[in-house]
file data_11.cif (mmCIF, N, CA and C atoms)
data_my_file
#
loop_
_atom_site.label_atom_id
_atom_site.label_comp_id
_atom_site.auth_asym_id
_atom_site.auth_seq_id
_atom_site.Cartn_x
_atom_site.Cartn_y
_atom_site.Cartn_z
N MET A 1 -0.23 104.46 -7.14
CA MET A 1 0.94 104.16 -6.33
C MET A 1 1.15 105.29 -5.33
N ALA A 2 1.55 104.93 -4.15
CA ALA A 2 1.76 105.92 -3.10
C ALA A 2 3.02 106.72 -3.37
N SER A 3 2.96 108.00 -3.05
CA SER A 3 4.13 108.85 -3.24
C SER A 3 5.15 108.57 -2.14
N THR A 4 6.36 109.04 -2.37
CA THR A 4 7.43 108.86 -1.40
C THR A 4 7.08 109.54 -0.08
N ARG A 5 6.45 110.69 -0.16
CA ARG A 5 6.07 111.42 1.05
C ARG A 5 5.05 110.62 1.87
N GLN A 6 4.06 110.02 1.22
CA GLN A 6 3.07 109.22 1.93
C GLN A 6 3.71 108.00 2.58
N LEU A 7 4.64 107.37 1.88
CA LEU A 7 5.32 106.21 2.45
C LEU A 7 6.15 106.60 3.67
N ARG A 8 6.83 107.73 3.59
CA ARG A 8 7.64 108.18 4.72
C ARG A 8 6.77 108.47 5.93
N ILE A 9 5.64 109.11 5.70
CA ILE A 9 4.73 109.41 6.81
C ILE A 9 4.20 108.12 7.41
N THR A 10 3.84 107.16 6.56
CA THR A 10 3.33 105.88 7.05
C THR A 10 4.39 105.14 7.84
N PHE A 11 5.61 105.09 7.34
CA PHE A 11 6.69 104.41 8.06
C PHE A 11 7.03 105.12 9.36
N LEU A 12 6.99 106.45 9.36
CA LEU A 12 7.25 107.20 10.58
C LEU A 12 6.18 106.90 11.62
N PHE A 13 4.92 106.87 11.20
CA PHE A 13 3.83 106.54 12.11
C PHE A 13 4.01 105.14 12.68
N ALA A 14 4.36 104.18 11.83
CA ALA A 14 4.57 102.81 12.30
C ALA A 14 5.73 102.75 13.30
N LEU A 15 6.79 103.48 13.02
CA LEU A 15 7.94 103.51 13.93
C LEU A 15 7.56 104.11 15.27
N VAL A 16 6.82 105.20 15.26
CA VAL A 16 6.40 105.83 16.51
C VAL A 16 5.49 104.88 17.30
N MET A 17 4.60 104.18 16.62
CA MET A 17 3.72 103.23 17.32
C MET A 17 4.52 102.07 17.91
N LEU A 18 5.53 101.58 17.20
CA LEU A 18 6.37 100.51 17.74
C LEU A 18 7.16 100.97 18.95
N ILE A 19 7.67 102.19 18.92
CA ILE A 19 8.40 102.73 20.07
C ILE A 19 7.46 102.88 21.25
N ALA A 20 6.24 103.37 21.00
CA ALA A 20 5.25 103.51 22.08
C ALA A 20 4.91 102.15 22.67
N GLN A 21 4.73 101.14 21.82
CA GLN A 21 4.44 99.79 22.31
C GLN A 21 5.60 99.25 23.13
N PHE A 22 6.81 99.49 22.68
CA PHE A 22 8.00 99.05 23.40
C PHE A 22 8.06 99.68 24.79
N LEU A 23 7.86 100.99 24.87
CA LEU A 23 7.91 101.69 26.15
C LEU A 23 6.77 101.26 27.07
N LEU A 24 5.60 101.05 26.51
CA LEU A 24 4.47 100.58 27.32
C LEU A 24 4.75 99.18 27.86
N GLY A 25 5.33 98.33 27.04
CA GLY A 25 5.69 96.98 27.50
C GLY A 25 6.71 97.01 28.62
N ILE A 26 7.69 97.91 28.52
CA ILE A 26 8.68 98.04 29.59
C ILE A 26 8.00 98.50 30.87
N ALA A 27 7.12 99.50 30.77
CA ALA A 27 6.42 100.00 31.95
C ALA A 27 5.57 98.91 32.60
N VAL A 28 4.88 98.13 31.78
CA VAL A 28 4.06 97.05 32.34
C VAL A 28 4.94 96.02 33.02
N ASN A 29 6.04 95.66 32.40
CA ASN A 29 6.94 94.66 33.02
C ASN A 29 7.55 95.16 34.32
N LEU A 30 7.78 96.46 34.42
CA LEU A 30 8.39 97.00 35.63
C LEU A 30 7.39 97.19 36.77
N PHE A 31 6.18 97.61 36.45
CA PHE A 31 5.28 98.07 37.50
C PHE A 31 4.03 97.24 37.73
N VAL A 32 3.73 96.27 36.89
CA VAL A 32 2.53 95.45 37.08
C VAL A 32 2.95 94.11 37.67
N LYS A 33 2.30 93.75 38.77
CA LYS A 33 2.61 92.48 39.42
C LYS A 33 1.46 91.52 39.18
N ILE A 34 1.77 90.38 38.64
CA ILE A 34 0.78 89.34 38.41
C ILE A 34 0.62 88.55 39.71
N LEU A 35 -0.60 88.25 40.05
CA LEU A 35 -0.86 87.50 41.27
C LEU A 35 -0.15 86.15 41.23
N THR A 36 0.44 85.77 42.34
CA THR A 36 1.14 84.49 42.40
C THR A 36 0.27 83.36 42.93
N ASP A 37 -0.91 83.69 43.43
CA ASP A 37 -1.74 82.65 44.01
C ASP A 37 -3.11 82.54 43.34
N HIS A 38 -3.19 82.82 42.07
CA HIS A 38 -4.45 82.65 41.35
C HIS A 38 -4.61 81.19 40.91
N PRO A 39 -5.83 80.78 40.57
CA PRO A 39 -6.03 79.39 40.13
C PRO A 39 -5.16 79.06 38.91
N GLY A 40 -4.45 78.00 38.98
CA GLY A 40 -3.61 77.57 37.87
C GLY A 40 -2.19 78.11 37.93
N SER A 41 -1.82 78.79 39.01
CA SER A 41 -0.48 79.37 39.07
C SER A 41 0.61 78.34 39.33
N ASN A 42 0.32 77.29 40.06
CA ASN A 42 1.29 76.23 40.34
C ASN A 42 0.66 74.87 40.09
N PRO A 43 0.36 74.55 38.84
CA PRO A 43 -0.37 73.31 38.57
C PRO A 43 0.56 72.09 38.56
N PRO A 44 0.00 70.92 38.85
CA PRO A 44 0.79 69.70 38.75
C PRO A 44 1.03 69.31 37.29
N ALA A 45 0.10 69.67 36.40
CA ALA A 45 0.25 69.39 34.97
C ALA A 45 0.10 70.69 34.20
N HIS A 46 0.92 70.87 33.19
CA HIS A 46 0.96 72.14 32.46
C HIS A 46 -0.38 72.49 31.82
N PHE A 47 -0.97 71.58 31.06
CA PHE A 47 -2.17 71.91 30.30
C PHE A 47 -3.38 72.16 31.20
N SER A 48 -3.49 71.45 32.29
CA SER A 48 -4.60 71.74 33.20
C SER A 48 -4.41 73.11 33.85
N GLY A 49 -3.17 73.48 34.12
CA GLY A 49 -2.89 74.79 34.68
C GLY A 49 -3.20 75.90 33.69
N VAL A 50 -2.90 75.67 32.42
CA VAL A 50 -3.22 76.65 31.38
C VAL A 50 -4.73 76.85 31.30
N ALA A 51 -5.47 75.76 31.32
CA ALA A 51 -6.94 75.85 31.26
C ALA A 51 -7.48 76.60 32.47
N GLN A 52 -6.96 76.33 33.65
CA GLN A 52 -7.41 77.03 34.85
C GLN A 52 -7.06 78.51 34.79
N SER A 53 -5.86 78.84 34.31
CA SER A 53 -5.42 80.23 34.23
C SER A 53 -6.26 81.01 33.23
N VAL A 54 -6.52 80.43 32.08
CA VAL A 54 -7.32 81.11 31.07
C VAL A 54 -8.75 81.30 31.56
N THR A 55 -9.31 80.28 32.18
CA THR A 55 -10.66 80.41 32.74
C THR A 55 -10.71 81.51 33.79
N TRP A 56 -9.74 81.54 34.67
CA TRP A 56 -9.68 82.58 35.71
C TRP A 56 -9.55 83.96 35.08
N ALA A 57 -8.70 84.10 34.08
CA ALA A 57 -8.50 85.41 33.43
C ALA A 57 -9.78 85.89 32.77
N ILE A 58 -10.50 84.99 32.12
CA ILE A 58 -11.74 85.38 31.45
C ILE A 58 -12.79 85.79 32.47
N LEU A 59 -12.91 85.04 33.55
CA LEU A 59 -13.92 85.36 34.55
C LEU A 59 -13.55 86.61 35.36
N ALA A 60 -12.27 86.82 35.60
CA ALA A 60 -11.83 87.97 36.41
C ALA A 60 -11.84 89.27 35.61
N THR A 61 -11.55 89.21 34.31
CA THR A 61 -11.46 90.42 33.49
C THR A 61 -12.28 90.24 32.23
N GLY A 62 -13.52 89.88 32.39
CA GLY A 62 -14.37 89.55 31.25
C GLY A 62 -14.46 90.64 30.21
N PHE A 63 -14.65 91.90 30.62
CA PHE A 63 -14.83 92.97 29.65
C PHE A 63 -13.55 93.20 28.82
N ALA A 64 -12.42 93.26 29.50
CA ALA A 64 -11.16 93.51 28.79
C ALA A 64 -10.85 92.38 27.82
N ILE A 65 -11.04 91.15 28.24
CA ILE A 65 -10.80 90.01 27.36
C ILE A 65 -11.76 90.04 26.18
N ALA A 66 -13.01 90.43 26.43
CA ALA A 66 -14.00 90.51 25.35
C ALA A 66 -13.59 91.55 24.33
N VAL A 67 -13.08 92.69 24.78
CA VAL A 67 -12.65 93.74 23.86
C VAL A 67 -11.47 93.27 23.01
N VAL A 68 -10.52 92.60 23.64
CA VAL A 68 -9.36 92.09 22.89
C VAL A 68 -9.81 91.03 21.88
N ALA A 69 -10.65 90.11 22.31
CA ALA A 69 -11.12 89.07 21.40
C ALA A 69 -11.90 89.67 20.24
N TYR A 70 -12.72 90.68 20.52
CA TYR A 70 -13.49 91.33 19.46
C TYR A 70 -12.56 92.02 18.46
N SER A 71 -11.55 92.73 18.95
CA SER A 71 -10.63 93.43 18.05
C SER A 71 -9.80 92.45 17.23
N VAL A 72 -9.38 91.34 17.83
CA VAL A 72 -8.65 90.32 17.07
C VAL A 72 -9.56 89.71 16.01
N GLY A 73 -10.80 89.46 16.37
CA GLY A 73 -11.76 88.93 15.40
C GLY A 73 -11.99 89.89 14.25
N LEU A 74 -12.09 91.18 14.55
CA LEU A 74 -12.25 92.18 13.48
C LEU A 74 -11.04 92.18 12.56
N TYR A 75 -9.85 92.12 13.15
CA TYR A 75 -8.63 92.12 12.34
C TYR A 75 -8.58 90.89 11.44
N LEU A 76 -8.88 89.73 11.99
CA LEU A 76 -8.80 88.51 11.20
C LEU A 76 -9.86 88.44 10.12
N SER A 77 -11.00 89.08 10.34
CA SER A 77 -12.06 89.03 9.34
C SER A 77 -11.99 90.17 8.33
N ALA A 78 -11.07 91.11 8.54
CA ALA A 78 -10.96 92.26 7.64
C ALA A 78 -10.44 91.82 6.27
N ASP A 79 -10.90 92.50 5.26
CA ASP A 79 -10.44 92.24 3.91
C ASP A 79 -9.10 92.94 3.71
N LYS A 80 -8.03 92.17 3.68
CA LYS A 80 -6.68 92.74 3.60
C LYS A 80 -6.45 93.51 2.30
N ARG A 81 -7.09 93.07 1.22
CA ARG A 81 -6.91 93.78 -0.05
C ARG A 81 -7.52 95.17 0.03
N GLU A 82 -8.65 95.30 0.70
CA GLU A 82 -9.30 96.61 0.83
C GLU A 82 -8.45 97.53 1.70
N ILE A 83 -7.90 97.00 2.79
CA ILE A 83 -7.03 97.80 3.65
C ILE A 83 -5.82 98.29 2.87
N THR A 84 -5.21 97.40 2.09
CA THR A 84 -4.05 97.76 1.28
C THR A 84 -4.42 98.82 0.26
N ARG A 85 -5.59 98.69 -0.35
CA ARG A 85 -6.02 99.67 -1.36
C ARG A 85 -6.23 101.03 -0.72
N VAL A 86 -6.83 101.07 0.46
CA VAL A 86 -7.07 102.35 1.14
C VAL A 86 -5.76 103.00 1.51
N TRP A 87 -4.82 102.23 2.07
CA TRP A 87 -3.54 102.81 2.48
C TRP A 87 -2.68 103.19 1.30
N ALA A 88 -2.81 102.49 0.20
CA ALA A 88 -2.00 102.80 -0.98
C ALA A 88 -2.46 104.09 -1.64
N GLY A 89 -3.67 104.51 -1.35
CA GLY A 89 -4.16 105.78 -1.90
C GLY A 89 -4.80 105.54 -3.17
#

call {"tool": "encode", "arguments": {"input": "data_11.cif", "output": "structure tokens"}}
result
Amino acid sequence: MASTRQLRITFLFALVMLIAQFLLGIAVNLFVKILTDHPGSNPPAHFSGVAQSVTWAILATGFAIAVVAYSVGLYLSADKREITRVWAG
């Protein structure tokens, strides 16, 4: 079983990461402008526009999307019991 000190450190780390994510999200919302004239930006039908937007995003930022997809795949395929055992000490 994890000691109280280990749990506090883990919770503090999680809190700091959440605050960092929050601040990064604010910065992105304030300073990043999404193109208004990319394919799928003003579609006549919602689902066709979604398909066009996703296709455009993958082709325009292939490497970044590949990294995100790879990391999500790693997370979903990870053995949660093993992760819990490692963190529990």

call {"tool": "atom_distance", "arguments": {"input": "data_11.cif", "atom1": "atom N of Ile26 of chain A", "atom2": "atom N of Ala78 of chain A"}}
result
28.2 Å

call {"tool": "closest_residue", "arguments": {"input": "data_11.cif", "among": "A:Ser53, A:Ser77, A:Gln21, A:Ser3", "to": "Asp37 of chain A", "atoms": "only C-alpha atoms"}}
result
A:Ser53

call {"tool": "select_by_dssp", "arguments": {"input": "data_11.cif", "residues": "segment 17-83 of chain A", "states": "alpha helix (DSSP H)", "output": "ChimeraX atom specification"}}
result
/A:17-31,46-60,62-77,80-83

call {"tool": "atom_distance", "arguments": {"input": "data_11.cif", "atom1": "atom N of Leu30 of chain A", "atom2": "atom C of Val16 of chain A"}}
result
19.2 Å

call {"tool": "atom_distance", "arguments": {"input": "data_11.cif", "atom1": "atom C of Ala60 of chain A", "atom2": "atom N of Asn42 of chain A"}}
result
17.6 Å
